[in-house]
>>> print(open('target30.cif').read())   # mmCIF, C-alpha atoms
data_query
#
loop_
_atom_site.label_atom_id
_atom_site.label_comp_id
_atom_site.auth_asym_id
_atom_site.auth_seq_id
_atom_site.Cartn_x
_atom_site.Cartn_y
_atom_site.Cartn_z
CA MET A 183 -27.20 2.42 16.60
CA VAL A 184 -25.76 1.03 19.84
CA ASP A 185 -25.81 3.40 22.82
CA PHE A 186 -23.44 3.20 25.78
CA LYS A 187 -23.44 5.31 28.93
CA ASP A 188 -19.83 6.34 28.30
CA ASP A 189 -16.68 5.16 26.53
CA LYS A 190 -15.55 3.15 29.56
CA GLU A 191 -18.74 1.09 29.44
CA ALA A 192 -18.29 0.64 25.67
CA ALA A 193 -14.67 -0.49 26.17
CA ASP A 194 -15.71 -3.01 28.82
CA GLN A 195 -18.47 -4.30 26.54
CA LEU A 196 -15.99 -4.67 23.66
CA ASN A 197 -13.65 -6.68 25.88
CA THR A 198 -16.53 -8.98 26.85
CA LYS A 199 -17.74 -9.40 23.28
CA VAL A 200 -14.24 -10.22 22.00
CA LYS A 201 -13.88 -12.96 24.62
CA GLU A 202 -17.23 -14.42 23.52
CA LEU A 203 -16.19 -14.14 19.87
CA LYS A 204 -12.91 -15.99 20.52
CA SER A 205 -14.81 -18.67 22.41
CA GLU A 206 -17.12 -19.26 19.44
CA ILE A 207 -14.22 -19.29 16.95
CA ALA A 208 -12.37 -21.82 19.15
CA LYS A 209 -15.23 -24.28 18.58
CA VAL A 210 -14.04 -24.65 14.98
CA ILE A 211 -10.48 -23.26 14.86
CA ILE A 212 -7.94 -24.95 17.13
CA GLY A 213 -4.85 -22.86 17.87
CA GLN A 214 -3.84 -19.90 15.65
CA ASP A 215 -4.58 -17.55 18.57
CA GLU A 216 -2.30 -14.82 17.24
CA VAL A 217 -4.00 -14.82 13.83
CA VAL A 218 -7.48 -14.82 15.39
CA ASN A 219 -6.45 -11.82 17.51
CA GLY A 220 -5.09 -10.10 14.41
CA VAL A 221 -8.26 -10.56 12.36
CA ILE A 222 -10.45 -9.31 15.22
CA THR A 223 -8.12 -6.33 15.71
CA SER A 224 -8.28 -5.45 12.01
CA ILE A 225 -12.09 -5.63 12.03
CA VAL A 226 -12.45 -3.33 15.06
CA SER A 227 -9.80 -1.03 13.53
CA ASN A 228 -11.78 -0.91 10.25
CA GLY A 229 -8.87 -2.41 8.32
CA HIS A 230 -8.31 -5.25 5.87
CA ALA A 231 -6.23 -8.35 6.57
CA LEU A 232 -4.11 -10.68 4.43
CA LEU A 233 -3.59 -14.23 5.72
CA VAL A 234 -0.53 -16.01 4.31
CA GLY A 235 0.10 -19.71 4.87
CA VAL A 236 0.64 -23.06 3.22
CA PRO A 237 -2.45 -25.09 2.20
CA GLY A 238 -4.39 -26.81 4.95
CA LEU A 239 -3.86 -24.32 7.77
CA ALA A 240 -7.56 -23.31 7.84
CA LYS A 241 -7.13 -19.78 6.44
CA THR A 242 -10.43 -19.89 4.58
CA LEU A 243 -12.21 -21.77 7.39
CA LEU A 244 -11.04 -19.15 9.92
CA ILE A 245 -12.52 -16.30 7.90
CA LYS A 246 -15.78 -18.18 7.26
CA THR A 247 -16.07 -19.00 10.98
CA ILE A 248 -15.57 -15.35 11.95
CA SER A 249 -18.19 -14.32 9.41
CA GLU A 250 -20.66 -16.77 11.01
CA ALA A 251 -20.06 -15.18 14.42
CA LEU A 252 -20.77 -11.74 12.95
CA ASP A 253 -24.33 -10.96 11.87
CA MET A 254 -23.26 -9.36 8.59
CA SER A 255 -23.42 -10.20 4.89
CA PHE A 256 -20.58 -12.40 3.60
CA ASN A 257 -19.37 -13.24 0.09
CA ARG A 258 -16.51 -15.45 -0.99
CA ILE A 259 -14.65 -14.76 -4.23
CA GLN A 260 -12.43 -17.57 -5.50
CA PHE A 261 -9.64 -15.81 -7.37
CA THR A 262 -8.61 -17.64 -10.54
CA PRO A 263 -6.53 -16.65 -13.60
CA ASP A 264 -9.66 -16.15 -15.74
CA LEU A 265 -11.46 -13.92 -13.21
CA MET A 266 -12.46 -10.53 -14.67
CA PRO A 267 -12.85 -7.19 -12.80
CA SER A 268 -16.59 -7.22 -13.52
CA ASP A 269 -16.81 -10.62 -11.77
CA ILE A 270 -15.88 -8.75 -8.58
CA THR A 271 -17.49 -5.33 -8.91
CA GLY A 272 -20.49 -6.23 -11.04
CA ALA A 273 -21.51 -4.93 -14.46
CA GLU A 274 -24.28 -3.16 -16.34
CA ILE A 275 -26.65 -5.55 -18.06
CA LEU A 276 -29.52 -5.04 -20.51
CA ASP A 277 -32.83 -5.93 -18.83
CA GLU A 278 -36.08 -7.14 -20.42
CA GLU A 279 -37.15 -3.58 -21.16
CA ARG A 280 -33.85 -2.92 -22.98
CA ASN A 281 -32.60 -0.58 -20.26
CA PHE A 282 -29.16 -0.82 -18.72
CA ARG A 283 -29.26 -1.94 -15.10
CA PHE A 284 -26.31 -2.38 -12.74
CA ASN A 285 -26.00 -5.93 -11.46
CA LYS A 286 -24.01 -5.84 -8.20
CA GLY A 287 -21.02 -8.14 -7.85
CA PRO A 288 -19.88 -10.11 -4.78
CA VAL A 289 -17.86 -7.13 -3.47
CA PHE A 290 -21.17 -5.73 -2.19
CA ALA A 291 -21.01 -7.41 1.22
CA ASN A 292 -19.83 -6.49 4.70
CA ILE A 293 -17.16 -9.21 4.68
CA VAL A 294 -15.49 -10.22 1.42
CA LEU A 295 -13.25 -13.28 1.41
CA ALA A 296 -10.71 -12.92 -1.42
CA ASP A 297 -9.56 -16.54 -1.54
CA GLU A 298 -6.10 -17.14 -3.08
CA ILE A 299 -5.93 -13.47 -4.10
CA ASN A 300 -2.59 -13.90 -5.89
CA ARG A 301 -4.03 -16.35 -8.42
CA THR A 302 -5.62 -13.63 -10.55
CA PRO A 303 -3.77 -11.12 -12.79
CA PRO A 304 -3.02 -7.59 -11.51
CA LYS A 305 -5.77 -6.13 -13.74
CA THR A 306 -8.37 -8.06 -11.75
CA GLN A 307 -6.65 -7.52 -8.41
CA ALA A 308 -6.88 -3.78 -9.12
CA ALA A 309 -10.69 -4.06 -9.06
CA LEU A 310 -10.38 -4.12 -5.26
CA LEU A 311 -8.16 -1.02 -4.98
CA GLU A 312 -10.93 1.57 -4.90
CA ALA A 313 -13.19 -0.68 -2.82
CA MET A 314 -10.53 -1.20 -0.13
CA GLN A 315 -9.49 2.45 0.08
CA GLU A 316 -12.64 4.46 -0.63
CA LYS A 317 -15.28 1.88 0.41
CA ASN A 318 -17.07 2.41 -2.91
CA ILE A 319 -16.64 1.43 -6.54
CA THR A 320 -17.05 3.17 -9.90
CA VAL A 321 -18.63 1.35 -12.86
CA ALA A 322 -19.39 3.07 -16.19
CA GLY A 323 -18.84 6.47 -14.56
CA GLN A 324 -21.36 5.78 -11.81
CA ASN A 325 -20.29 5.66 -8.15
CA TYR A 326 -21.73 2.98 -5.86
CA SER A 327 -21.25 2.88 -2.09
CA LEU A 328 -20.38 -0.41 -0.42
CA PRO A 329 -22.19 -1.57 2.72
CA ARG A 330 -20.83 -0.48 6.10
CA PRO A 331 -18.81 -1.90 7.69
CA PHE A 332 -16.70 -3.31 4.86
CA PHE A 333 -13.71 -5.63 5.16
CA VAL A 334 -11.59 -7.57 2.70
CA LEU A 335 -10.05 -10.64 4.30
CA ALA A 336 -7.72 -12.27 1.78
CA THR A 337 -5.75 -15.52 1.73
CA GLN A 338 -2.52 -16.29 -0.08
CA ASN A 339 -0.29 -19.35 -0.55
CA PRO A 340 3.37 -18.32 -0.12
CA ILE A 341 5.11 -21.36 -1.63
CA GLU A 342 3.39 -21.99 -4.95
CA GLN A 343 4.64 -19.80 -7.81
CA GLU A 344 3.04 -21.60 -10.76
CA GLY A 345 0.00 -19.65 -11.98
CA THR A 346 0.32 -16.88 -9.39
CA TYR A 347 0.81 -13.12 -9.70
CA PRO A 348 2.57 -11.00 -7.05
CA LEU A 349 0.32 -8.44 -5.40
CA PRO A 350 1.23 -4.88 -6.48
CA GLU A 351 2.71 -2.70 -3.72
CA ALA A 352 -0.33 -0.37 -3.86
CA GLN A 353 -2.60 -3.36 -3.24
CA LEU A 354 -0.47 -4.68 -0.37
CA ASP A 355 -0.37 -1.26 1.29
CA ARG A 356 -4.16 -1.26 1.58
CA PHE A 357 -4.03 -4.27 3.89
CA MET A 358 -3.68 -3.23 7.51
CA PHE A 359 -2.21 -6.57 8.55
CA ASN A 360 -0.18 -9.27 6.81
CA MET A 361 -0.43 -12.30 9.08
CA VAL A 362 1.56 -15.49 8.65
CA LEU A 363 -0.04 -18.76 9.72
CA ASP A 364 2.33 -21.38 11.08
CA TYR A 365 1.93 -25.14 11.46
CA PRO A 366 -0.01 -26.25 14.56
CA SER A 367 1.77 -27.88 17.49
CA HIS A 368 1.64 -31.67 17.85
CA GLN A 369 -1.14 -31.55 20.44
CA GLU A 370 -3.11 -28.97 18.43
CA GLU A 371 -2.89 -31.15 15.33
CA VAL A 372 -4.13 -34.19 17.31
CA SER A 373 -7.11 -32.10 18.45
CA ILE A 374 -7.74 -30.91 14.87
CA VAL A 375 -7.76 -34.46 13.52
CA LYS A 376 -10.12 -35.63 16.29
CA ALA A 377 -12.49 -32.72 15.69
CA THR A 378 -12.59 -33.02 11.89
CA THR A 379 -12.81 -36.80 11.47
CA GLY A 380 -15.75 -37.37 13.81
CA GLY A 381 -19.46 -36.91 13.26
CA ILE A 382 -20.04 -33.87 15.47
CA GLN A 383 -20.77 -30.58 13.70
CA GLN A 384 -20.04 -27.43 15.70
CA THR A 385 -22.51 -24.53 15.49
CA VAL A 386 -21.18 -21.00 15.84
CA LYS A 387 -23.41 -18.46 17.56
CA THR A 388 -23.73 -14.84 16.42
CA ILE A 389 -21.90 -12.48 18.78
CA LEU A 390 -21.76 -9.09 17.04
CA ASN A 391 -23.92 -7.32 14.45
CA ALA A 392 -23.04 -4.51 12.03
CA SER A 393 -24.24 -1.71 14.31
CA GLU A 394 -22.14 -2.97 17.22
CA VAL A 395 -19.04 -3.31 15.03
CA ILE A 396 -19.47 0.27 13.76
CA ALA A 397 -19.93 1.51 17.35
CA PHE A 398 -16.73 -0.24 18.46
CA GLN A 399 -14.85 1.12 15.43
CA GLU A 400 -15.87 4.64 16.43
CA LEU A 401 -14.86 3.90 20.03
CA ALA A 402 -11.37 2.83 18.87
CA ARG A 403 -10.95 6.16 17.10
CA ARG A 404 -11.74 8.02 20.33
CA VAL A 405 -9.22 6.17 22.49
CA PRO A 406 -6.68 8.67 23.88
CA VAL A 407 -3.00 8.15 23.04
CA ALA A 408 -0.04 9.64 24.91
CA ASP A 409 2.42 11.74 22.91
CA ASN A 410 5.29 9.36 23.65
CA VAL A 411 3.32 6.52 21.99
CA TYR A 412 2.77 8.64 18.86
CA GLU A 413 6.49 9.48 18.85
CA TYR A 414 7.44 5.84 19.26
CA ALA A 415 5.16 4.62 16.43
CA VAL A 416 6.38 7.25 13.95
CA GLY A 417 9.99 6.68 15.04
CA LEU A 418 9.62 2.94 14.51
CA VAL A 419 8.42 3.47 10.94
CA SER A 420 11.18 6.02 10.28
CA LYS A 421 13.75 3.40 11.30
CA THR A 422 12.67 1.23 8.34
CA ARG A 423 13.71 3.89 5.79
CA PRO A 424 17.30 3.46 4.58
CA GLY A 425 19.39 6.61 4.41
CA ARG A 426 17.50 8.32 7.23
CA SER A 427 19.30 9.34 10.42
CA GLU A 428 16.98 7.05 12.42
CA ALA A 429 17.75 3.99 10.26
CA THR A 430 19.66 1.15 11.90
CA GLN A 431 22.75 -0.46 10.43
CA LEU A 432 20.74 -3.52 9.39
CA VAL A 433 18.15 -1.33 7.65
CA ASN A 434 20.78 0.55 5.63
CA LYS A 435 22.39 -2.72 4.64
CA TYR A 436 19.39 -4.93 3.86
CA ILE A 437 16.31 -2.79 3.08
CA GLU A 438 15.64 -1.26 -0.34
CA TYR A 439 12.47 0.65 0.56
CA GLY A 440 10.95 1.35 3.97
CA ALA A 441 7.35 1.73 5.13
CA GLY A 442 5.24 4.81 4.29
CA PRO A 443 3.06 7.01 6.52
CA ARG A 444 0.13 4.58 6.31
CA ALA A 445 2.19 2.22 8.48
CA SER A 446 2.34 4.86 11.24
CA GLN A 447 -1.42 5.36 11.03
CA TYR A 448 -2.10 1.62 11.27
CA LEU A 449 0.34 1.23 14.17
CA ILE A 450 -1.62 3.77 16.20
CA ILE A 451 -5.15 2.60 15.39
CA GLY A 452 -4.03 -1.02 15.78
CA ALA A 453 -2.43 -0.24 19.15
CA LYS A 454 -5.65 1.45 20.28
CA THR A 455 -7.71 -1.61 19.38
CA HIS A 456 -5.13 -4.02 20.83
CA ALA A 457 -5.27 -2.11 24.12
CA LEU A 458 -9.09 -2.24 24.22
CA ILE A 459 -9.08 -5.99 23.54
CA GLN A 460 -6.57 -6.46 26.37
CA GLY A 461 -8.85 -4.58 28.77
CA LYS A 462 -6.90 -1.31 28.79
CA TYR A 463 -8.31 2.16 28.10
CA SER A 464 -5.23 3.63 26.39
CA PRO A 465 -2.37 2.03 24.44
CA ASP A 466 1.27 2.01 25.49
CA ILE A 467 4.49 1.18 23.64
CA GLU A 468 3.97 -2.56 24.24
CA ASP A 469 0.69 -2.39 22.27
CA VAL A 470 2.53 -0.81 19.32
CA GLN A 471 5.20 -3.51 19.46
CA ALA A 472 2.54 -6.25 19.63
CA ILE A 473 1.10 -5.35 16.22
CA ALA A 474 4.28 -3.98 14.56
CA ALA A 475 5.22 -7.15 12.65
CA PRO A 476 1.90 -7.66 10.78
CA VAL A 477 1.72 -3.92 10.02
CA LEU A 478 5.30 -3.59 8.71
CA ARG A 479 5.85 -7.04 7.19
CA HIS A 480 4.41 -6.22 3.76
CA ARG A 481 5.58 -2.60 3.67
CA ILE A 482 9.32 -3.30 3.78
CA VAL A 483 11.16 -4.29 0.60
CA ARG A 484 14.39 -6.24 1.17
CA ASN A 485 17.33 -5.84 -1.20
CA TYR A 486 19.30 -8.61 -2.88
CA LYS A 487 21.83 -8.75 0.00
CA ALA A 488 19.11 -9.62 2.49
CA GLU A 489 17.79 -12.39 0.26
CA ALA A 490 21.27 -13.73 -0.51
CA GLU A 491 22.28 -13.77 3.16
CA GLY A 492 18.96 -15.16 4.36
CA PHE A 493 17.69 -12.17 6.35
CA SER A 494 13.91 -12.38 6.59
CA THR A 495 11.63 -9.36 6.89
CA ASP A 496 10.58 -10.46 10.38
CA GLN A 497 14.22 -10.58 11.52
CA LEU A 498 14.71 -7.03 10.26
CA ILE A 499 11.57 -5.87 12.10
CA GLU A 500 12.77 -7.48 15.35
CA GLY A 501 15.99 -5.49 15.00
CA LEU A 502 14.00 -2.23 15.17
CA PHE A 503 12.91 -2.65 18.82
#
>>> encode(input="target30.cif", output="C-alpha cells")
Amino acid sequence: MVDFKDDKEAADQLNTKVKELKSEIAKVIIGQDEVVNGVITSIVSNGHALLVGVPGLAKTLLIKTISEALDMSFNRIQFTPDLMPSDITGAEILDEERNFRFNKGPVFANIVLADEINRTPPKTQAALLEAMQEKNITVAGQNYSLPRPFFVLATQNPIEQEGTYPLPEAQLDRFMFNMVLDYPSHQEEVSIVKATTGGIQQTVKTILNASEVIAFQELARRVPVADNVYEYAVGLVSKTRPGRSEATQLVNKYIEYGAGPRASQYLIIGAKTHALIQGKYSPDIEDVQAIAAPVLRHRIVRNYKAEAEGFSTDQLIEGLF
C-alpha cells in the first residue's frame, strides 16, 4: 500500500499524478479536456462513467488510452444483441475430471470497457447491476469478488435507434457520471487528422498503479467538507424534484421525476475529487457546480412538455444554479 506523511502530501501527489496522466492521454487524445477530467474524477471517486457521443469521437480510444496509463487489468466487452449474461460474468463449465469449475468472464478486471452498452437487451445489461453496485457477482448461488479497484466505463451512441435498447433507470443510476462528447473544434480536428494519418505511433507511459488509485480513493473520502457545501448539494438535488417546495418553476413544468439521494452522494464525493485535482484541500460550491451536469443529466426524467417545447436536460440543470 502507498504511504504518505499526511493527507496534504497525498493531495499534492495526486495533483501531480493527474497532471502527468493528462499529459500522457494528450499524446493520443486531442481535445475533449472536460471528458478526460470527468473520467479521471470518476476513477478517483470510485465511480463508473458513461460516455455518450456520435461515432468517431474517440470514446473507446479515450478509455483504452486511460487504461494504458494505469497499471491495472483491462477488458473490453463489445455489447451486441446476441450477448448473454454469462458472456459478461462467466459460467460454470465441466472440466476434464467431470467437476464443475467457474470460468471467469471479462468483468473480472480493474477496468471494464462496456462498448456500445445500449446494443444488448436489458437482460444482459442487468448482468452488470450487481457488479457495479456491490463490486461482486453471484453465479449459481456462489459469490465472487471482483478485483479492486473496479470501474465500468461505458460508451453509447445517442443518435442510432435501430437495434438498440434503452438503459434501465436502475442501470443508469449506477453510473456516477453521464458525459456528452461534442465535436472537436476546427483546429483540434486538423491536429487529429495530422496525428492519425501519419506513421508515428505514440506510446503511453504508466502513471498510476492499483495501490496508488486505492490510496487516492481513500484520500478523497477523508477530504473535509463545510456544512454549507453539504446543504448546497442536497438543496440542488431537491430542486430537481417536482412538487417540492424547493422546486423551480421550470422543474414543476418540465420534469416528470427528479434525482434521488445517490445524486447528492455523488455530488459531494465528486466535488471532493474535483477540488483535489484543482489543487485545493476542500471543496466549495463551485466544485459542486462543476460536476453537477454529468451527475444529474441521467437522473432527471423530462415530461412530454419539455420534449415538445425543446427543453433539454442540460438547460433544465442550468436553471437550477
>>> residues_around(input="target30.cif", residues="region 294-300 of chain A", least_positions_apart="2", cutoff="9 Å", atoms="only C-alpha atoms", output="number ranges by chain")
A: 241-242, 245-246, 255-262, 288-292, 302-304, 307, 332-339, 345-349
>>> resolve_selection(input="target30.cif", expression="the PyMOL selection byres ((chain A and resi 326) around 10)", output="VMD selection string")
chain A and resid 271 284 286 290 313 317 to 321 323 to 325 327 to 329
>>> write_last_selection(input="target30.cif", atoms="C-alpha atoms", output="PDB file, in the frame of the given file")
ATOM      1  CA  THR A 271     -17.490  -5.330  -8.910  1.00  0.00           C
ATOM      2  CA  PHE A 284     -26.310  -2.380 -12.740  1.00  0.00           C
ATOM      3  CA  LYS A 286     -24.010  -5.840  -8.200  1.00  0.00           C
ATOM      4  CA  PHE A 290     -21.170  -5.730  -2.190  1.00  0.00           C
ATOM      5  CA  ALA A 313     -13.190  -0.680  -2.820  1.00  0.00           C
ATOM      6  CA  LYS A 317     -15.280   1.880   0.410  1.00  0.00           C
ATOM      7  CA  ASN A 318     -17.070   2.410  -2.910  1.00  0.00           C
ATOM      8  CA  ILE A 319     -16.640   1.430  -6.540  1.00  0.00           C
ATOM      9  CA  THR A 320     -17.050   3.170  -9.900  1.00  0.00           C
ATOM     10  CA  VAL A 321     -18.630   1.350 -12.860  1.00  0.00           C
ATOM     11  CA  GLY A 323     -18.840   6.470 -14.560  1.00  0.00           C
ATOM     12  CA  GLN A 324     -21.360   5.780 -11.810  1.00  0.00           C
ATOM     13  CA  ASN A 325     -20.290   5.660  -8.150  1.00  0.00           C
ATOM     14  CA  SER A 327     -21.250   2.880  -2.090  1.00  0.00           C
ATOM     15  CA  LEU A 328     -20.380  -0.410  -0.420  1.00  0.00           C
ATOM     16  CA  PRO A 329     -22.190  -1.570   2.720  1.00  0.00           C
TER      17      PRO A 329
END
>>> closest_residue(input="target30.cif", among="A:Gly461, A:Pro366, A:Gly440, A:Gly501", to="Asn197 (chain A)", atoms="all atoms listed in the file")
A:Gly461
>>> atom_distance(input="target30.cif", atom1="CA of Glu202 (chain A)", atom2="CA of Leu243 (chain A)")
18.4 Å
>>> residues_around(input="target30.cif", residues="region 468-476 of chain A", least_positions_apart="6", cutoff="6 Å", atoms="only C-alpha atoms", output="list in words")
Phe359, Asn360, Met361, Leu449 and Ala453 of chain A
>>> residues_around(input="target30.cif", residues="region 441-446 of chain A", least_positions_apart="4", cutoff="6 Å", atoms="only C-alpha atoms", output="NGL selection string")
:A and (415-416 or 481-482)
>>> residues_near_point(input="target30.cif", point="(2.7, -20.3, 4.6)", cutoff="8 Å", atoms="all atoms listed in the file", output="VMD selection string")
chain A and resid 234 to 237 339 to 341 362 to 364
>>> resolve_selection(input="target30.cif", expression="the PyMOL selection byres ((chain A and resi 185) around 12)", output="list in words")
Met183, Val184, Phe186, Lys187, Asp188, Asp189, Glu191, Ala192, Gln195, Ser393, Glu394, Ile396, Ala397, Phe398, Glu400 and Leu401 of chain A
>>> resolve_selection(input="target30.cif", expression="the PyMOL selection byres ((chain A and resi 413) around 12)", output="tab-separated table (two decimals) with C-alpha atoms, keeping the file's coordinate frame")
chain	number	residue	atom	x	y	z
A	407	VAL	CA	-3.00	8.15	23.04
A	408	ALA	CA	-0.04	9.64	24.91
A	409	ASP	CA	2.42	11.74	22.91
A	410	ASN	CA	5.29	9.36	23.65
A	411	VAL	CA	3.32	6.52	21.99
A	412	TYR	CA	2.77	8.64	18.86
A	414	TYR	CA	7.44	5.84	19.26
A	415	ALA	CA	5.16	4.62	16.43
A	416	VAL	CA	6.38	7.25	13.95
A	417	GLY	CA	9.99	6.68	15.04
A	418	LEU	CA	9.62	2.94	14.51
A	419	VAL	CA	8.42	3.47	10.94
A	420	SER	CA	11.18	6.02	10.28
A	446	SER	CA	2.34	4.86	11.24
A	447	GLN	CA	-1.42	5.36	11.03
A	449	LEU	CA	0.34	1.23	14.17
A	450	ILE	CA	-1.62	3.77	16.20
A	466	ASP	CA	1.27	2.01	25.49
A	467	ILE	CA	4.49	1.18	23.64
A	470	VAL	CA	2.53	-0.81	19.32
>>> axis_aligned_box(input="target30.cif", around="region 254-259 of chain A", padding_each_side="8 Å", output="JSON")
{"center_x": -19.0, "center_y": -12.4, "center_z": 2.2, "size_x": 24.8, "size_y": 22.1, "size_z": 28.8}
>>> closest_residue(input="target30.cif", among="A:Glu316, A:Ile451, A:Gln497, A:Thr247", to="Lys209 (chain A)", atoms="all atoms listed in the file")
A:Thr247
>>> atom_distance(input="target30.cif", atom1="CA of Gln431 (chain A)", atom2="CA of Glu489 (chain A)")
16.4 Å
>>> residues_around(input="target30.cif", residues="Gly425 (chain A)", least_positions_apart="5", cutoff="12 Å", atoms="all atoms listed in the file", output="count of residues only")
12
>>> closest_residue(input="target30.cif", among="A:Thr223, A:Asn281, A:Ser373, A:Gln353", to="Leu311 (chain A)", atoms="only C-alpha atoms")
A:Gln353
>>> closest_residue(input="target30.cif", among="A:Asn228, A:Thr198, A:Thr379, A:Gln214", to="Ala392 (chain A)", atoms="all atoms listed in the file")
A:Asn228
>>> atom_distance(input="target30.cif", atom1="CA of Asp253 (chain A)", atom2="CA of Lys190 (chain A)")
24.3 Å
>>> closest_residue(input="target30.cif", among="A:Pro350, A:Gly492, A:Pro465, A:Gly452", to="Val221 (chain A)", atoms="all atoms listed in the file")
A:Gly452
>>> closest_residue(input="target30.cif", among="A:Ile382, A:Leu265, A:Leu390, A:Ile293", to="Lys201 (chain A)", atoms="all atoms listed in the file")
A:Leu390
>>> residues_near_point(input="target30.cif", point="(-3.0, -25.7, 17.5)", cutoff="9 Å", atoms="only C-alpha atoms", output="count of residues only")
15
>>> residues_around(input="target30.cif", residues="Pro267 (chain A)", least_positions_apart="4", cutoff="9 Å", atoms="all atoms listed in the file", output="short mmCIF file (atom, residue, chain, number, x, y, z; two decimals) with C-alpha atoms, in the frame of the given file")
data_model
loop_
_atom_site.label_atom_id
_atom_site.label_comp_id
_atom_site.auth_asym_id
_atom_site.auth_seq_id
_atom_site.Cartn_x
_atom_site.Cartn_y
_atom_site.Cartn_z
CA THR A 271 -17.49 -5.33 -8.91
CA GLY A 272 -20.49 -6.23 -11.04
CA LYS A 305 -5.77 -6.13 -13.74
CA THR A 306 -8.37 -8.06 -11.75
CA GLN A 307 -6.65 -7.52 -8.41
CA ALA A 308 -6.88 -3.78 -9.12
CA ALA A 309 -10.69 -4.06 -9.06
CA LEU A 310 -10.38 -4.12 -5.26
#
